[in-house]
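Colleague: Compact mmCIF, C-alpha atoms, file protein.txt:
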# COMPACT_ATOMS: atom_id res chain seq x y z
CA ALA F 1 -23.59 -128.01 14.69
CA THR F 2 -24.30 -126.51 18.11
CA MET F 3 -21.88 -123.58 17.83
CA THR F 4 -20.67 -121.40 14.95
CA LEU F 5 -17.44 -119.46 14.51
CA VAL F 6 -17.45 -116.94 11.64
CA MET F 7 -13.92 -115.72 10.82
CA LEU F 8 -12.93 -113.09 8.26
CA HIS F 9 -9.54 -113.69 6.65
CA ALA F 10 -6.62 -111.31 6.06
CA LEU F 11 -5.83 -109.21 3.01
CA GLY F 12 -4.61 -111.45 0.20
CA ASP F 13 -5.62 -114.72 1.85
CA ASN F 14 -7.34 -115.90 -1.33
CA ASP F 15 -10.00 -118.54 -0.60
CA ALA F 16 -9.12 -118.14 3.11
CA LYS F 17 -6.56 -120.92 2.73
CA PHE F 18 -4.24 -119.70 5.51
CA LEU F 19 -7.08 -119.28 7.99
CA ALA F 20 -8.64 -122.60 7.02
CA GLY F 21 -5.39 -124.44 7.72
CA THR F 22 -4.77 -122.54 10.93
CA LEU F 23 -8.20 -123.22 12.40
CA GLN F 24 -8.33 -126.87 11.39
CA ALA F 25 -7.21 -127.94 14.86
CA LEU F 26 -10.35 -126.42 16.37
CA LEU F 27 -12.57 -128.69 14.28
CA SER F 28 -10.82 -131.80 15.56
CA GLN F 29 -11.13 -130.57 19.15
CA LYS F 30 -14.74 -129.35 18.88
CA PRO F 31 -16.94 -131.82 16.98
CA GLY F 32 -20.03 -129.64 17.55
CA LEU F 33 -18.40 -126.57 16.01
CA ARG F 34 -19.08 -125.21 12.55
CA ILE F 35 -16.46 -122.77 11.21
CA ILE F 36 -17.54 -120.42 8.42
CA LEU F 37 -14.81 -118.64 6.46
CA PRO F 38 -16.42 -116.08 4.15
CA LYS F 39 -14.42 -115.03 1.11
CA ALA F 40 -13.70 -111.37 0.40
CA PRO F 41 -14.19 -109.91 -3.08
CA VAL F 42 -11.18 -110.05 -5.39
CA GLU F 43 -9.88 -106.63 -6.46
CA GLN F 44 -6.98 -105.36 -8.54
CA LEU F 45 -4.22 -103.90 -6.35
CA GLN F 46 -0.91 -102.84 -7.93
CA GLY F 47 -1.59 -105.06 -10.90
CA GLN F 48 -2.43 -108.15 -8.85
CA SER F 49 -5.72 -109.88 -8.07
CA VAL F 50 -6.08 -109.75 -4.29
CA SER F 51 -8.95 -110.69 -2.00
CA THR F 52 -9.75 -107.72 0.23
CA TRP F 53 -12.65 -106.70 2.44
CA PHE F 54 -12.21 -103.05 1.47
CA MET F 55 -10.02 -100.93 -0.77
CA PRO F 56 -7.50 -98.24 0.18
CA THR F 57 -8.43 -94.59 -0.20
CA ASN F 58 -5.73 -92.30 -1.57
CA GLY F 59 -3.20 -95.02 -0.84
CA GLN F 60 -4.25 -95.34 2.81
CA TRP F 61 -6.00 -98.26 4.48
CA ILE F 62 -9.02 -96.83 6.27
CA ILE F 63 -11.62 -98.69 8.30
CA ASP F 64 -14.64 -97.21 10.04
CA ASP F 65 -18.34 -98.05 10.14
CA THR F 66 -19.00 -96.46 6.74
CA VAL F 67 -16.25 -98.38 4.98
CA ALA F 68 -17.16 -101.58 6.82
CA ARG F 69 -20.94 -101.29 6.31
CA PRO F 70 -21.18 -103.65 3.29
CA VAL F 71 -19.13 -106.29 5.11
CA MET F 72 -21.16 -105.78 8.28
CA ALA F 73 -24.38 -106.40 6.35
CA TYR F 74 -22.81 -109.47 4.74
CA VAL F 75 -21.81 -110.93 8.13
CA HIS F 76 -25.22 -110.09 9.61
CA ALA F 77 -26.84 -112.15 6.83
CA ILE F 78 -24.59 -115.09 7.74
CA LEU F 79 -25.49 -114.76 11.42
CA ARG F 80 -29.21 -114.72 10.63
CA ARG F 81 -28.81 -117.83 8.52
CA GLU F 82 -27.06 -119.64 11.38
CA MET F 83 -29.84 -118.65 13.76
CA ALA F 84 -32.42 -119.90 11.25
CA ARG F 85 -30.54 -123.21 11.17
CA GLY F 86 -31.13 -123.52 14.89
CA VAL F 87 -27.83 -122.33 16.39
CA GLN F 88 -28.47 -120.25 19.49
CA PRO F 89 -27.06 -116.69 19.14
CA HIS F 90 -25.11 -116.99 22.40
CA ARG F 91 -23.22 -119.86 20.71
CA ILE F 92 -22.22 -117.76 17.70
CA VAL F 93 -18.80 -116.07 17.73
CA VAL F 94 -17.56 -113.62 15.11
CA GLY F 95 -13.89 -112.89 14.49
CA GLY F 96 -11.21 -111.84 12.09
CA PHE F 97 -7.50 -112.01 11.40
CA ALA F 98 -5.52 -108.90 10.39
CA GLN F 99 -7.59 -106.90 7.84
CA GLY F 100 -10.63 -109.04 8.63
CA GLY F 101 -10.61 -107.98 12.27
CA GLY F 102 -11.91 -104.42 11.84
CA PRO F 103 -15.01 -105.35 9.82
CA ALA F 104 -15.61 -108.44 11.97
CA ILE F 105 -15.73 -106.62 15.30
CA ARG F 106 -17.92 -103.90 13.82
CA ALA F 107 -20.31 -106.56 12.53
CA ALA F 108 -20.48 -108.23 15.94
CA LEU F 109 -20.93 -104.99 17.87
CA SER F 110 -23.68 -103.69 15.58
CA PHE F 111 -25.70 -106.91 15.20
CA PRO F 112 -29.20 -105.83 16.29
CA ASP F 113 -31.12 -109.11 16.39
CA ALA F 114 -29.71 -110.91 19.43
CA THR F 115 -26.85 -111.08 21.92
CA LEU F 116 -23.93 -112.96 20.38
CA GLY F 117 -21.51 -115.26 22.16
CA GLY F 118 -18.50 -113.05 21.55
CA ALA F 119 -15.79 -111.91 19.17
CA VAL F 120 -12.21 -113.01 18.47
CA LEU F 121 -9.60 -110.63 17.03
CA LEU F 122 -6.20 -111.91 15.88
CA SER F 123 -3.45 -109.42 14.96
CA HIS F 124 -6.21 -107.01 14.02
CA PHE F 125 -6.48 -103.38 13.00
CA PHE F 126 -9.37 -101.62 14.74
CA GLY F 127 -9.24 -98.36 12.78
CA ALA F 128 -11.49 -95.42 13.69
CA ALA F 129 -11.93 -94.92 17.42
CA SER F 130 -15.73 -95.05 17.23
CA ALA F 131 -18.05 -97.91 16.29
CA SER F 132 -21.79 -98.54 16.37
CA VAL F 133 -22.84 -100.78 19.24
CA SER F 134 -26.27 -102.42 19.31
CA PRO F 135 -28.02 -102.32 22.70
CA VAL F 136 -28.20 -106.13 22.73
CA ASN F 137 -24.42 -106.46 22.28
CA ARG F 138 -23.16 -103.86 24.74
CA CYS F 139 -21.91 -106.70 26.96
CA LEU F 140 -20.11 -108.61 24.19
CA ASP F 141 -17.15 -110.71 25.35
CA VAL F 142 -14.06 -110.18 23.19
CA LEU F 143 -10.75 -112.05 22.94
CA VAL F 144 -7.93 -109.96 21.43
CA CYS F 145 -4.61 -111.63 20.55
CA HIS F 146 -1.52 -109.93 19.10
CA GLY F 147 2.17 -110.61 18.60
CA THR F 148 4.64 -108.21 20.18
CA GLN F 149 6.92 -108.49 17.12
CA ASP F 150 4.15 -108.04 14.52
CA GLU F 151 5.73 -106.40 11.46
CA MET F 152 2.42 -105.95 9.58
CA VAL F 153 -0.02 -104.62 12.18
CA PRO F 154 1.72 -102.85 15.08
CA PHE F 155 1.35 -104.45 18.48
CA SER F 156 0.22 -101.06 19.76
CA GLU F 157 -2.78 -101.17 17.42
CA GLY F 158 -3.96 -104.47 18.90
CA LYS F 159 -3.69 -103.08 22.42
CA ARG F 160 -5.40 -99.87 21.32
CA GLY F 161 -8.30 -101.89 19.94
CA ALA F 162 -8.73 -103.74 23.22
CA ASP F 163 -8.68 -100.46 25.15
CA LEU F 164 -11.25 -98.90 22.84
CA LEU F 165 -13.53 -101.90 23.26
CA ARG F 166 -13.31 -101.68 27.04
CA GLY F 167 -14.53 -98.09 26.75
CA MET F 168 -17.40 -98.98 24.40
CA LEU F 169 -18.76 -102.04 26.17
CA GLN F 170 -20.71 -102.11 29.41
CA GLY F 171 -22.00 -104.33 32.16
CA ASN F 172 -20.45 -107.76 32.33
CA ALA F 173 -18.47 -107.48 29.09
CA ALA F 174 -15.03 -109.08 29.28
CA VAL F 175 -12.30 -107.86 26.93
CA ALA F 176 -9.23 -110.09 27.26
CA PHE F 177 -5.96 -109.00 25.67
CA LYS F 178 -3.35 -111.72 25.10
CA GLU F 179 0.16 -110.94 23.84
CA TYR F 180 2.64 -113.33 22.29
CA ASP F 181 6.33 -113.14 21.46
CA MET F 182 5.89 -113.63 17.72
CA LYS F 183 5.59 -111.88 14.38
CA HIS F 184 2.45 -111.49 12.26
CA GLY F 185 0.52 -114.75 12.24
CA VAL F 186 -1.35 -117.22 14.42
CA ASN F 187 0.31 -119.70 16.78
CA THR F 188 -0.84 -122.76 18.71
CA GLU F 189 -1.19 -120.80 21.95
CA GLU F 190 -3.76 -118.55 20.30
CA ILE F 191 -5.68 -121.57 19.05
CA PHE F 192 -5.73 -122.84 22.64
CA GLU F 193 -7.07 -119.47 23.84
CA ILE F 194 -9.78 -119.51 21.18
CA SER F 195 -10.71 -123.03 22.24
CA LYS F 196 -11.07 -121.94 25.86
CA PHE F 197 -13.07 -118.88 24.77
CA LEU F 198 -15.49 -121.11 22.87
CA GLU F 199 -15.77 -123.57 25.75
CA ALA F 200 -16.83 -120.73 28.01
CA LYS F 201 -19.88 -120.26 25.79
CA GLY F 202 -21.21 -123.69 26.72
CA GLU F 203 -20.80 -127.34 25.92
CA LEU F 204 -20.49 -128.23 22.26
CA ASN F 205 -21.84 -131.76 22.52
CA GLU F 206 -25.53 -130.89 22.67
CA PRO F 207 -27.97 -132.48 20.18
CA LYS F 208 -27.40 -131.30 16.62
CA ALA F 209 -29.30 -128.14 15.73
CA GLN F 210 -32.01 -128.57 13.13
CA GLU F 211 -30.89 -127.63 9.63
CA VAL F 212 -33.33 -125.29 7.89
CA ALA F 213 -33.15 -124.82 4.12
CA MET F 214 -32.53 -121.20 3.18
CA GLY F 215 -33.51 -119.39 0.01
CA PHE F 216 -30.24 -117.51 -0.18
CA ASP F 217 -26.55 -118.09 0.45
CA PRO F 218 -24.79 -115.01 1.86
CA VAL F 219 -21.55 -116.95 2.24
CA ASN F 220 -21.15 -116.89 -1.55
CA ASP F 221 -22.60 -113.44 -2.06
CA ALA F 222 -19.89 -111.04 -0.93
CA THR F 223 -20.59 -107.32 -1.25
CA LYS F 224 -17.80 -105.03 -2.36
CA ALA F 225 -16.76 -102.52 0.24
CA SER F 226 -17.39 -98.81 -0.16
CA ARG F 227 -14.78 -96.05 -0.04
CA ARG F 228 -14.49 -93.01 2.19
CA PRO F 229 -12.07 -90.06 2.59
CA GLU F 230 -9.04 -90.92 4.67
CA LYS F 231 -9.06 -90.98 8.46
CA GLN F 232 -6.71 -93.69 9.64
CA ARG F 233 -3.22 -94.12 8.23
CA VAL F 234 -1.95 -97.25 9.92
CA PRO F 235 -0.99 -99.78 7.22
CA ILE F 236 -2.52 -103.22 7.59
CA ARG F 237 -2.50 -106.61 5.94
Mind converting the file's structure to structure tokens?

Modeller:
Amino acid sequence: ATMTLVMLHALGDNDAKFLAGTLQALLSQKPGLRIILPKAPVEQLQGQSVSTWFMPTNGQWIIDDTVARPVMAYVHAILRREMARGVQPHRIVVGGFAQGGGPAIRAALSFPDATLGGAVLLSHFFGAASASVSPVNRCLDVLVCHGTQDEMVPFSEGKRGADLLRGMLQGNAAVAFKEYDMKHGVNTEEIFEISKFLEAKGELNEPKAQEVAMGFDPVNDATKASRRPEKQRVPIR
């Protein structure tokens, strides 16, 4: 692989099956692309086993840097493994769909080791208005996509996230906000936008990066998220 896309799935997307099927088209279009879909821990919610990146506090879904910290560390370990495999950091993109978006963007922004290629947020919930930004990722390019008829995560929250990112990032950072006439989900137009976003990071048909054996596997070592008193009250999925 010459480029890596790490995508965090939505609440309840056990084994990331929805996201895996949705992103399959990218693999056929981009033979040099490796897609990593980490799996969230499985928790008990209202009597059901549900995969979730973090748990609600007092019945409210809250996401900030403290709540997201375990997931951020988990994603950082994945990014370091990809770099050790030989993938250049500017060819690594981090993203998330719905619940996975908040932790994903915080992981990308805070990554301290190198400048990443960018971040992709689909129907995401940004959460708290502040986020830690590493000096090396203050110019991170971000693609934000959201449906105007989203019944799970309000369209206004997606736009708010894009606006917050524009205020956090500096220099040549490009935050693109794309809206679609659709409900909660991912459509083919978004896949096309992601494809263009990845292409902008360079050609994918370079020689295969050298694979380096690692002594750990963070992809199968999810850390359970911590809890914090309530701040945000926007429901998410």

Colleague: Within 12 Å of Leu5 (chain F), counting all atoms listed in the file, which residues qualify if same-chain residues fewer than 2 places away don't, as a compact mmCIF listing (two decimals) with C-alpha atoms, keeping the file's coordinate frame?

Modeller:
# COMPACT_ATOMS: atom_id res chain seq x y z
CA ALA F 1 -23.59 -128.01 14.69
CA THR F 2 -24.30 -126.51 18.11
CA MET F 3 -21.88 -123.58 17.83
CA MET F 7 -13.92 -115.72 10.82
CA LEU F 8 -12.93 -113.09 8.26
CA ALA F 20 -8.64 -122.60 7.02
CA LEU F 23 -8.20 -123.22 12.40
CA LEU F 26 -10.35 -126.42 16.37
CA LEU F 27 -12.57 -128.69 14.28
CA LYS F 30 -14.74 -129.35 18.88
CA GLY F 32 -20.03 -129.64 17.55
CA LEU F 33 -18.40 -126.57 16.01
CA ARG F 34 -19.08 -125.21 12.55
CA ILE F 35 -16.46 -122.77 11.21
CA ILE F 36 -17.54 -120.42 8.42
CA LEU F 37 -14.81 -118.64 6.46
CA PRO F 38 -16.42 -116.08 4.15
CA VAL F 75 -21.81 -110.93 8.13
CA ILE F 78 -24.59 -115.09 7.74
CA LEU F 79 -25.49 -114.76 11.42
CA GLU F 82 -27.06 -119.64 11.38
CA VAL F 87 -27.83 -122.33 16.39
CA PRO F 89 -27.06 -116.69 19.14
CA HIS F 90 -25.11 -116.99 22.40
CA ARG F 91 -23.22 -119.86 20.71
CA ILE F 92 -22.22 -117.76 17.70
CA VAL F 93 -18.80 -116.07 17.73
CA VAL F 94 -17.56 -113.62 15.11
CA GLY F 95 -13.89 -112.89 14.49
CA GLY F 96 -11.21 -111.84 12.09
CA ALA F 104 -15.61 -108.44 11.97
CA ALA F 108 -20.48 -108.23 15.94
CA LEU F 116 -23.93 -112.96 20.38
CA GLY F 117 -21.51 -115.26 22.16
CA GLY F 118 -18.50 -113.05 21.55
CA ALA F 119 -15.79 -111.91 19.17
CA VAL F 120 -12.21 -113.01 18.47
CA ILE F 194 -9.78 -119.51 21.18
CA SER F 195 -10.71 -123.03 22.24
CA PHE F 197 -13.07 -118.88 24.77
CA LEU F 198 -15.49 -121.11 22.87
CA LYS F 201 -19.88 -120.26 25.79

Colleague: What is the distance, in Å and to one decimal place, between CA of Met152 (chain F) and CA of Ala173 (chain F)?

Modeller: 28.6 Å

Colleague: Which residues of region 52-93 of chain F have any atom within 10 Å of an atom in region 11-14 of chain F when counting only C-alpha atoms, and what is the closest pair of atoms for each, with the distance in Å to one decimal? Order the rows by chain and rising number and write it as a Markdown table.

Modeller:
| residue | atom | partner | partner_atom | distance |
| --- | --- | --- | --- | --- |
| F:Thr52 | CA | F:Leu11 | CA | 5.0 |
| F:Trp53 | CA | F:Leu11 | CA | 7.3 |
| F:Phe54 | CA | F:Leu11 | CA | 9.0 |

Colleague: Determine, using only C-alpha atoms, which residues of region 114-146 of chain F have any atom at most 7 Å from an atom of region 59-72 of chain F, and tabulate each with its shortest atom pair and distance in Å to one decimal place, rows ordered by chain and then rising number, as JSON lines.

Modeller:
{"residue": "F:Gly127", "atom": "CA", "partner": "F:Ile63", "partner_atom": "CA", "distance": 5.1}
{"residue": "F:Ala128", "atom": "CA", "partner": "F:Asp64", "partner_atom": "CA", "distance": 5.1}
{"residue": "F:Ala131", "atom": "CA", "partner": "F:Asp65", "partner_atom": "CA", "distance": 6.2}

Colleague: Restricting the calculation to only C-alpha atoms: of F:Thr188, F:Asn172, F:Thr57, F:Ser132, which residue gets closest to Leu45 (chain F)?

Modeller: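 The answer is F:Thr57, which sits nearest to Leu45 (chain F).
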